[in-house]
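What's in query_24.cif: mmCIF, C-alpha atoms
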```
data_run
loop_
_atom_site.label_atom_id
_atom_site.label_comp_id
_atom_site.auth_asym_id
_atom_site.auth_seq_id
_atom_site.Cartn_x
_atom_site.Cartn_y
_atom_site.Cartn_z
CA MET A 1 86.55 96.10 75.04
CA SER A 2 83.68 98.19 73.68
CA ASN A 3 83.31 98.55 69.93
CA LYS A 4 80.88 101.43 70.26
CA GLU A 5 81.44 104.44 68.05
CA VAL A 6 82.16 107.49 70.18
CA ILE A 7 80.68 110.77 68.95
CA GLY A 8 82.62 113.77 70.13
CA VAL A 9 80.72 116.90 71.17
CA LEU A 10 82.72 120.11 71.16
CA VAL A 11 81.03 122.44 73.64
CA MET A 12 82.27 125.95 72.88
CA SER A 13 81.98 129.03 75.07
CA TYR A 14 83.55 132.40 75.75
CA GLY A 15 85.70 131.36 78.68
CA THR A 16 86.47 133.22 81.88
CA PRO A 17 89.32 133.87 84.27
CA GLU A 18 89.20 131.62 87.32
CA ASN A 19 90.92 134.04 89.70
CA MET A 20 92.20 137.61 89.84
CA GLU A 21 95.64 136.59 88.56
CA MET A 22 94.05 135.39 85.33
CA VAL A 23 92.13 138.60 84.64
CA GLU A 24 94.98 140.43 82.89
CA PRO A 25 95.94 137.62 80.44
CA PHE A 26 92.24 136.99 79.81
CA PHE A 27 91.66 140.67 79.02
CA THR A 28 94.79 140.79 76.88
CA HIS A 29 93.54 137.83 74.82
CA ILE A 30 90.18 139.53 74.30
CA ARG A 31 92.12 142.57 73.06
CA ARG A 32 93.98 140.40 70.51
CA GLY A 33 97.26 140.50 72.39
CA ASN A 34 97.14 144.18 73.34
CA PRO A 35 97.48 144.54 77.13
CA PRO A 36 94.82 146.70 78.79
CA SER A 37 95.78 149.99 80.37
CA PRO A 38 96.06 149.97 84.18
CA GLU A 39 92.76 151.85 84.32
CA GLN A 40 90.99 149.34 82.07
CA LEU A 41 92.36 146.41 84.04
CA GLN A 42 91.33 147.97 87.34
CA GLU A 43 87.82 148.59 86.04
CA LEU A 44 87.39 144.93 85.09
CA CYS A 45 88.86 143.74 88.39
CA ASP A 46 86.49 146.07 90.22
CA ARG A 47 83.55 144.48 88.45
CA TYR A 48 84.63 141.02 89.57
CA GLU A 49 85.13 142.35 93.09
CA ALA A 50 81.60 143.78 92.95
CA ILE A 51 80.16 140.26 92.58
CA GLY A 52 82.24 139.02 95.49
CA GLY A 53 85.47 138.21 93.68
CA LEU A 54 83.71 135.24 92.13
CA PHE A 55 84.22 133.65 88.71
CA PRO A 56 81.07 131.55 88.33
CA LEU A 57 81.13 131.02 84.56
CA LYS A 58 83.80 128.29 84.64
CA GLU A 59 81.85 126.18 87.12
CA ASN A 60 78.58 126.79 85.28
CA THR A 61 80.12 125.79 81.96
CA ASP A 62 81.70 122.68 83.49
CA ASN A 63 78.31 121.71 84.90
CA GLN A 64 76.56 122.29 81.58
CA LEU A 65 79.07 120.09 79.77
CA ARG A 66 78.73 117.33 82.37
CA GLU A 67 74.93 117.42 82.26
CA LEU A 68 74.90 117.48 78.46
CA GLU A 69 77.11 114.40 78.24
CA LYS A 70 74.95 112.64 80.82
CA TYR A 71 71.73 113.50 78.96
CA LEU A 72 73.11 112.42 75.59
CA ASN A 73 74.22 109.06 76.92
CA GLU A 74 71.02 108.45 78.89
CA HIS A 75 68.69 109.30 76.01
CA PHE A 76 70.55 108.81 72.73
CA ALA A 77 73.37 106.30 73.27
CA ASP A 78 72.73 102.71 72.17
CA GLU A 79 74.56 99.50 71.31
CA GLN A 80 76.33 101.22 68.43
CA ARG A 81 77.35 104.61 69.81
CA THR A 82 78.03 106.77 72.82
CA PHE A 83 78.84 110.45 73.37
CA ARG A 84 81.74 112.30 74.94
CA CYS A 85 81.86 116.06 75.49
CA PHE A 86 84.91 118.33 75.30
CA HIS A 87 85.43 121.99 76.19
CA GLY A 88 86.59 124.56 73.65
CA MET A 89 86.96 128.14 74.89
CA LYS A 90 87.39 131.38 72.97
CA HIS A 91 89.69 133.24 75.34
CA VAL A 92 91.14 130.75 77.88
CA VAL A 93 92.49 127.22 77.87
CA PRO A 94 91.34 124.81 76.72
CA PHE A 95 90.93 126.92 73.60
CA VAL A 96 88.62 125.83 70.77
CA GLU A 97 91.68 124.38 69.01
CA ASP A 98 92.62 122.45 72.16
CA GLY A 99 89.15 120.95 72.34
CA VAL A 100 89.33 119.72 68.77
CA GLU A 101 92.78 118.25 69.36
CA ALA A 102 91.56 116.52 72.53
CA ILE A 103 88.80 114.86 70.50
CA VAL A 104 91.37 113.66 67.97
CA ALA A 105 93.72 112.47 70.72
CA ALA A 106 90.88 110.38 72.14
CA GLY A 107 90.71 108.50 68.86
CA ILE A 108 87.35 110.00 67.90
CA THR A 109 86.76 110.57 64.20
CA LYS A 110 83.32 112.21 64.16
CA ALA A 111 82.11 115.18 66.19
CA VAL A 112 79.43 117.86 66.51
CA GLY A 113 80.18 121.37 67.73
CA ILE A 114 77.74 123.57 69.62
CA VAL A 115 78.20 127.00 71.21
CA LEU A 116 76.69 127.92 74.57
CA ALA A 117 74.97 130.87 72.93
CA PRO A 118 71.64 130.36 71.14
CA HIS A 119 71.92 133.25 68.68
CA TYR A 120 74.20 133.38 65.63
CA SER A 121 76.46 136.26 64.75
CA THR A 122 79.39 136.53 62.41
CA MET A 123 81.26 138.17 65.31
CA SER A 124 80.52 135.45 67.86
CA VAL A 125 79.33 131.96 66.92
CA ALA A 126 80.86 132.16 63.43
CA GLY A 127 84.27 132.73 64.99
CA TYR A 128 84.02 129.64 67.17
CA VAL A 129 82.88 127.54 64.23
CA ARG A 130 85.63 128.81 61.93
CA ARG A 131 88.36 128.01 64.46
CA ALA A 132 86.90 124.57 65.14
CA MET A 133 86.49 123.65 61.48
CA GLU A 134 89.98 124.84 60.54
CA THR A 135 91.56 122.77 63.30
CA ALA A 136 89.40 119.75 62.49
CA ALA A 137 90.50 119.91 58.83
CA LYS A 138 94.16 119.81 59.88
CA HIS A 139 93.54 116.56 61.75
CA SER A 140 91.03 114.99 59.32
CA LEU A 141 88.33 115.06 61.99
CA GLN A 142 84.79 114.89 60.64
CA LEU A 143 83.14 117.87 62.30
CA THR A 144 79.83 119.63 61.83
CA CYS A 145 78.71 122.62 63.87
CA ILE A 146 75.36 124.05 64.91
CA ASP A 147 74.88 127.72 64.03
CA SER A 148 71.93 128.59 66.27
CA TYR A 149 69.06 127.14 68.27
CA HIS A 150 67.30 130.35 69.27
CA LEU A 151 63.78 129.06 68.56
CA HIS A 152 64.16 125.56 69.96
CA PRO A 153 60.84 124.80 71.68
CA LYS A 154 62.50 123.58 74.88
CA LEU A 155 64.60 126.74 75.08
CA ILE A 156 61.50 128.89 74.66
CA GLU A 157 59.68 126.80 77.27
CA ALA A 158 62.50 127.33 79.77
CA LEU A 159 62.55 131.07 79.12
CA VAL A 160 58.77 131.31 79.42
CA ILE A 161 58.85 129.55 82.79
CA ARG A 162 61.44 132.06 83.98
CA TRP A 163 59.35 134.98 82.81
CA GLN A 164 56.31 133.59 84.61
CA GLU A 165 58.33 133.22 87.82
CA ALA A 166 59.49 136.83 87.57
CA PHE A 167 55.99 138.09 86.77
CA ALA A 168 54.63 136.29 89.83
CA GLN A 169 56.84 138.47 92.03
CA PHE A 170 54.66 141.48 91.28
CA SER A 171 51.43 142.17 93.12
CA ASP A 172 48.07 142.06 91.38
CA SER A 173 48.02 145.84 91.30
CA GLU A 174 51.54 145.99 89.79
CA LYS A 175 51.10 143.30 87.12
CA PRO A 176 49.12 145.41 84.60
CA THR A 177 51.99 147.91 84.44
CA VAL A 178 54.93 145.51 84.19
CA ARG A 179 57.29 146.21 81.28
CA THR A 180 59.58 143.38 80.14
CA ILE A 181 62.98 144.29 78.76
CA PHE A 182 64.71 141.48 76.88
CA SER A 183 68.45 141.98 76.47
CA ALA A 184 71.64 140.51 75.08
CA HIS A 185 75.31 141.38 74.78
CA SER A 186 75.83 144.31 72.45
CA LEU A 187 78.09 144.01 69.43
CA PRO A 188 79.70 146.69 67.24
CA VAL A 189 77.21 148.50 65.02
CA LYS A 190 79.18 147.47 61.93
CA ILE A 191 77.51 144.02 62.03
CA LEU A 192 74.43 145.69 60.57
CA GLU A 193 76.29 146.45 57.35
CA SER A 194 76.38 142.75 56.48
CA ASN A 195 72.79 141.94 57.51
CA ASP A 196 74.10 139.91 60.44
CA PRO A 197 71.21 137.77 61.78
CA TYR A 198 72.04 138.39 65.45
CA PRO A 199 69.60 141.26 66.16
CA GLU A 200 66.71 139.60 64.33
CA GLN A 201 67.27 136.21 65.97
CA LEU A 202 67.13 137.90 69.37
CA LEU A 203 63.86 139.56 68.42
CA GLU A 204 62.52 136.21 67.19
CA THR A 205 63.29 134.65 70.57
CA SER A 206 61.68 137.61 72.33
CA ARG A 207 58.53 137.36 70.19
CA ALA A 208 58.28 133.61 70.84
CA ILE A 209 58.39 134.21 74.61
CA VAL A 210 55.87 137.03 74.33
CA ALA A 211 53.46 134.86 72.36
CA ALA A 212 53.77 131.84 74.64
CA ALA A 213 53.66 133.72 77.94
CA GLY A 214 51.15 136.38 76.97
CA VAL A 215 53.53 139.25 77.71
CA LYS A 216 51.65 142.54 77.36
CA GLU A 217 54.30 145.26 77.32
CA TRP A 218 57.86 144.60 76.19
CA GLN A 219 60.86 145.91 74.31
CA PHE A 220 64.43 144.96 73.51
CA ALA A 221 67.62 146.56 74.80
CA TRP A 222 71.33 145.91 74.68
CA GLN A 223 73.86 145.56 77.48
CA SER A 224 77.54 145.04 78.28
CA ALA A 225 78.87 147.04 75.31
CA GLY A 226 82.63 147.13 74.93
CA GLN A 227 84.49 150.30 75.82
CA THR A 228 86.02 150.99 72.42
CA ALA A 229 86.29 153.87 69.98
CA ILE A 230 83.79 152.28 67.59
CA PRO A 231 80.03 152.50 68.27
CA TRP A 232 78.12 149.50 69.65
CA LEU A 233 74.48 148.52 69.32
CA GLY A 234 72.13 150.37 71.63
CA PRO A 235 70.25 151.60 73.51
CA ASP A 236 71.67 150.16 76.71
CA ILE A 237 69.21 148.63 79.15
CA LYS A 238 70.02 151.22 81.82
CA ASP A 239 69.24 154.04 79.38
CA VAL A 240 66.00 152.32 78.40
CA MET A 241 65.00 152.06 82.06
CA ARG A 242 65.50 155.80 82.51
CA THR A 243 63.61 156.60 79.32
CA ILE A 244 60.54 154.50 80.08
CA TYR A 245 60.48 155.89 83.61
CA GLU A 246 60.73 159.51 82.52
CA GLU A 247 58.58 159.37 79.40
CA GLU A 248 56.01 156.70 80.27
CA GLY A 249 56.09 156.51 84.06
CA VAL A 250 56.98 152.81 84.07
CA ARG A 251 57.75 151.61 87.60
CA ASN A 252 57.74 147.81 87.31
CA VAL A 253 60.24 146.00 85.10
CA ILE A 254 61.26 142.44 84.30
CA ALA A 255 64.82 142.13 82.98
CA SER A 256 65.15 139.03 80.81
CA PRO A 257 68.75 138.70 79.52
CA ILE A 258 67.93 136.08 76.88
CA GLY A 259 71.31 136.35 75.19
CA PHE A 260 73.04 134.70 78.15
CA VAL A 261 72.74 131.10 79.32
CA SER A 262 74.69 131.27 82.61
CA ASP A 263 75.14 133.36 85.70
CA HIS A 264 78.30 135.36 85.09
CA LEU A 265 79.66 138.90 85.08
CA GLU A 266 77.30 140.32 82.44
CA VAL A 267 74.31 139.12 84.44
CA LEU A 268 75.49 139.33 88.04
CA CYS A 269 77.12 142.75 87.64
CA ASP A 270 75.45 144.46 84.69
CA ILE A 271 71.89 143.49 85.68
CA ASP A 272 71.92 142.53 89.36
CA ILE A 273 74.10 145.46 90.43
CA GLU A 274 74.25 148.22 87.81
CA ALA A 275 70.68 147.97 86.49
CA GLN A 276 69.39 147.43 90.03
CA ASP A 277 71.22 150.60 91.08
CA VAL A 278 69.36 152.51 88.37
CA ALA A 279 66.10 150.94 89.54
CA SER A 280 66.79 152.02 93.12
CA GLU A 281 67.68 155.52 91.95
CA LEU A 282 64.39 155.80 90.05
CA GLY A 283 62.20 154.02 92.56
CA MET A 284 61.57 151.15 90.15
CA LYS A 285 60.93 147.52 91.00
CA LEU A 286 63.25 145.41 88.83
CA VAL A 287 63.06 141.61 88.77
CA ARG A 288 65.53 139.56 86.73
CA THR A 289 64.62 136.21 85.22
CA ARG A 290 66.73 133.28 86.42
CA SER A 291 69.62 132.16 84.26
CA LEU A 292 69.36 128.83 82.44
CA ASN A 293 72.55 127.29 83.86
CA THR A 294 71.86 123.52 84.02
CA ASP A 295 68.09 123.68 83.70
CA PRO A 296 66.98 120.31 82.29
CA LEU A 297 65.08 122.05 79.49
CA TYR A 298 68.23 123.86 78.38
CA ILE A 299 70.29 120.69 78.54
CA GLU A 300 67.60 118.97 76.47
CA THR A 301 67.80 121.86 74.00
CA LEU A 302 71.53 121.32 73.58
CA ALA A 303 71.28 117.53 73.39
CA THR A 304 68.48 117.38 70.85
CA SER A 305 70.19 120.06 68.76
CA VAL A 306 73.30 117.88 68.68
CA VAL A 307 71.56 114.64 67.73
CA THR A 308 69.35 116.37 65.15
CA ARG A 309 72.37 117.93 63.48
CA LEU A 310 74.22 114.61 63.63
CA ALA A 311 71.33 112.77 61.95
CA GLN A 312 71.00 115.42 59.24
CA TRP A 313 74.73 115.33 58.59
CA GLU A 314 74.89 111.54 58.41
CA GLN A 315 72.06 111.48 55.89
CA ARG A 316 74.04 113.76 53.59
CA VAL A 317 77.44 112.10 53.79
#
```

Translate the structure of the given file into structure tokens.
Amino acid sequence: MSNKEVIGVLVMSYGTPENMEMVEPFFTHIRRGNPPSPEQLQELCDRYEAIGGLFPLKENTDNQLRELEKYLNEHFADEQRTFRCFHGMKHVVPFVEDGVEAIVAAGITKAVGIVLAPHYSTMSVAGYVRRAMETAAKHSLQLTCIDSYHLHPKLIEALVIRWQEAFAQFSDSEKPTVRTIFSAHSLPVKILESNDPYPEQLLETSRAIVAAAGVKEWQFAWQSAGQTAIPWLGPDIKDVMRTIYEEEGVRNVIASPIGFVSDHLEVLCDIDIEAQDVASELGMKLVRTRSLNTDPLYIETLATSVVTRLAQWEQRV
């Protein structure tokens, strides 16, 4: 019987329905228990239908967790310790609380939490961390969580490679006029009142890519804003595309949705369908950078973030 210490890794993410029957309870959970109107539900279902009735985020997240556990154990396990990863979702089972309880049930006493989102916000990552820490405290689990990893060199390297791939899809005559639009999921404007770091961290990631890849013309835009009565951060990427076309004559665009780490609805629908529709309408050429998914550089980003945080934590306690 092994006497190795097992380090739990709580891998947290937004969650997704896995079929059309799950869309309504998923949407209701997002709305804090308030069921969507028939029109709202139909709109969301239509968006899933638009990408082929697929729900790719669950599979992508499963694959990321599996690859992270594999990488941790191949590169950082030794005679004294090993690693085991657990899911914790925001809006579907296993919820964040379920993930923490699964770690405890496995007899693990020490864990690190990381969110599959590189940029910190009080309305996103902070919520995952709060739920995880509160549940861990109830079960006396030693847990530390990573707030952000938006400037991790391996993450930037992966994003630069993707930009270079996209840029290569333009002809030599098109390349001098290519405009890059970095984007991320919008959040309510009220986050600005508390100096939330989310917008600045996204700009820091953008600037790091620009510097490393030698991007000439770029700007930042938002996408996927919620349909609520309160205002959300803008401008939206589709509005930016129209503006730069009309005011500057831009015809060639790279869409780089750096706020997302997987292929899912906000990428496959909002960029690949809706933004591409705008591009077609305007006569633009729009190329999207590939999602990270299980790219080895992204998995290395996650793994080294976990072990670095673990080492820092152990030095303090």

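Taking only C-alpha atoms into account, the residues near (60.3, 124.9, 78.9), no farther than 12 Å, are Leu151, His152, Pro153, Lys154, Leu155, Ile156, Glu157, Ala158, Leu159, Val160, Ile161, Arg162, Trp163, Gln164, Ile209, Ala212, Ala213, Leu292, Asp295, Pro296, Leu297, Tyr298, Ile299, Glu300 and Thr301 of chain A.
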
Name the residues captured by the PyMOL selection byres ((chain A and resi 183) around 9) when it is applied to the shown file; answer as a list in words. Ile181, Phe182, Ala184, His185, Ser186, Leu202, Gln219, Phe220, Ala221, Trp222, Gln223, Asp236, Ile237, Ala255, Ser256, Pro257, Ile258, Gly259 and Phe260 of chain A

Dump as an mmCIF file, in the frame of the given file, selection limited to C-alpha atoms:
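Result file is selection-v2.cif:
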```cif
data_model
loop_
_atom_site.group_PDB
_atom_site.id
_atom_site.type_symbol
_atom_site.label_atom_id
_atom_site.label_comp_id
_atom_site.auth_asym_id
_atom_site.auth_seq_id
_atom_site.Cartn_x
_atom_site.Cartn_y
_atom_site.Cartn_z
ATOM 1 C CA ILE A 181 62.980 144.290 78.760
ATOM 2 C CA PHE A 182 64.710 141.480 76.880
ATOM 3 C CA ALA A 184 71.640 140.510 75.080
ATOM 4 C CA HIS A 185 75.310 141.380 74.780
ATOM 5 C CA SER A 186 75.830 144.310 72.450
ATOM 6 C CA LEU A 202 67.130 137.900 69.370
ATOM 7 C CA GLN A 219 60.860 145.910 74.310
ATOM 8 C CA PHE A 220 64.430 144.960 73.510
ATOM 9 C CA ALA A 221 67.620 146.560 74.800
ATOM 10 C CA TRP A 222 71.330 145.910 74.680
ATOM 11 C CA GLN A 223 73.860 145.560 77.480
ATOM 12 C CA ASP A 236 71.670 150.160 76.710
ATOM 13 C CA ILE A 237 69.210 148.630 79.150
ATOM 14 C CA ALA A 255 64.820 142.130 82.980
ATOM 15 C CA SER A 256 65.150 139.030 80.810
ATOM 16 C CA PRO A 257 68.750 138.700 79.520
ATOM 17 C CA ILE A 258 67.930 136.080 76.880
ATOM 18 C CA GLY A 259 71.310 136.350 75.190
ATOM 19 C CA PHE A 260 73.040 134.700 78.150
#
```

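Each of A:Ile114, A:Ile244, A:Leu141, A:Val92 was checked against Gly15 in chain A using only C-alpha atoms; the smallest atom-to-atom distance is that of A:Val92.
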
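The residue that comes closest to His264 in chain A, out of A:Ser194, A:Thr61, A:Ser206, A:Gln276 and on the basis of only C-alpha atoms, is A:Thr61.
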
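For Gln227 in chain A, the residues within 12 Å (counting only C-alpha atoms, excluding itself and residues fewer than 4 positions away along the chain) are Arg31, Pro36, Glu39, Gln40, Glu43, Leu44, Ser186, Leu187, Pro188, Gln223, Pro231 and Trp232 of chain A.
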
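Look at Glu18 in chain A: the protein and nucleic acid residues within 9 Å of it, using all atoms listed in the file and passing over chain neighbours fewer than 6 places away, are Leu54, Phe55, Pro56, Leu57 and Lys58 of chain A.
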
Separation of CA of Met284 in chain A from CA of Pro235 in chain A, in Å and rounded to one decimal: 18.8 Å

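Residue nearest Arg251 in chain A, chosen from A:Thr304, A:Gln201, A:Gln169, A:Thr177 and counting only C-alpha atoms: A:Thr177.
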
Find, counting only C-alpha atoms, the residue in A:Val178, A:Val104, A:Cys85, A:Ala168 that gets nearest to Leu72 in chain A. A:Cys85

Best match for closeness to Ile254 in chain A among A:Ala225, A:Val129, A:Ala311, A:Phe170, counting only C-alpha atoms: A:Phe170

Considering only C-alpha atoms, state which residue in the set A:Met133, A:Ala105, A:Leu286, A:Leu302 is at the smallest distance from Pro118 in chain A. A:Leu302

Chain and number of each residue from the PyMOL selection byres ((chain A and resi 96) around 12), as a PyMOL selection string: chain A and resi 9-15+86-95+97-103+113-115+125+127-136

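Pairwise distance (CA of Ser224 in chain A, CA of Val210 in chain A) equals 23.4 Å.
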
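Straight-line separation from CA of Lys238 in chain A to CA of Ile273 in chain A: 11.1 Å.
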
Residues within 12 Å of Asn73 in chain A, only C-alpha atoms, excluding chain neighbours under 5 positions, as a PDB file with C-alpha atoms, in the frame of the given file:
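After the write, result-v5.pdb holds the following:
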```pdb
ATOM      1  CA  VAL A   6      82.160 107.490  70.180  1.00  0.00           C
ATOM      2  CA  ILE A   7      80.680 110.770  68.950  1.00  0.00           C
ATOM      3  CA  GLY A   8      82.620 113.770  70.130  1.00  0.00           C
ATOM      4  CA  VAL A   9      80.720 116.900  71.170  1.00  0.00           C
ATOM      5  CA  ARG A  66      78.730 117.330  82.370  1.00  0.00           C
ATOM      6  CA  GLU A  67      74.930 117.420  82.260  1.00  0.00           C
ATOM      7  CA  LEU A  68      74.900 117.480  78.460  1.00  0.00           C
ATOM      8  CA  ASP A  78      72.730 102.710  72.170  1.00  0.00           C
ATOM      9  CA  GLU A  79      74.560  99.500  71.310  1.00  0.00           C
ATOM     10  CA  GLN A  80      76.330 101.220  68.430  1.00  0.00           C
ATOM     11  CA  ARG A  81      77.350 104.610  69.810  1.00  0.00           C
ATOM     12  CA  THR A  82      78.030 106.770  72.820  1.00  0.00           C
ATOM     13  CA  PHE A  83      78.840 110.450  73.370  1.00  0.00           C
ATOM     14  CA  ARG A  84      81.740 112.300  74.940  1.00  0.00           C
ATOM     15  CA  CYS A  85      81.860 116.060  75.490  1.00  0.00           C
ATOM     16  CA  GLU A 300      67.600 118.970  76.470  1.00  0.00           C
ATOM     17  CA  ALA A 303      71.280 117.530  73.390  1.00  0.00           C
ATOM     18  CA  THR A 304      68.480 117.380  70.850  1.00  0.00           C
ATOM     19  CA  VAL A 307      71.560 114.640  67.730  1.00  0.00           C
TER      20      VAL A 307
END
```
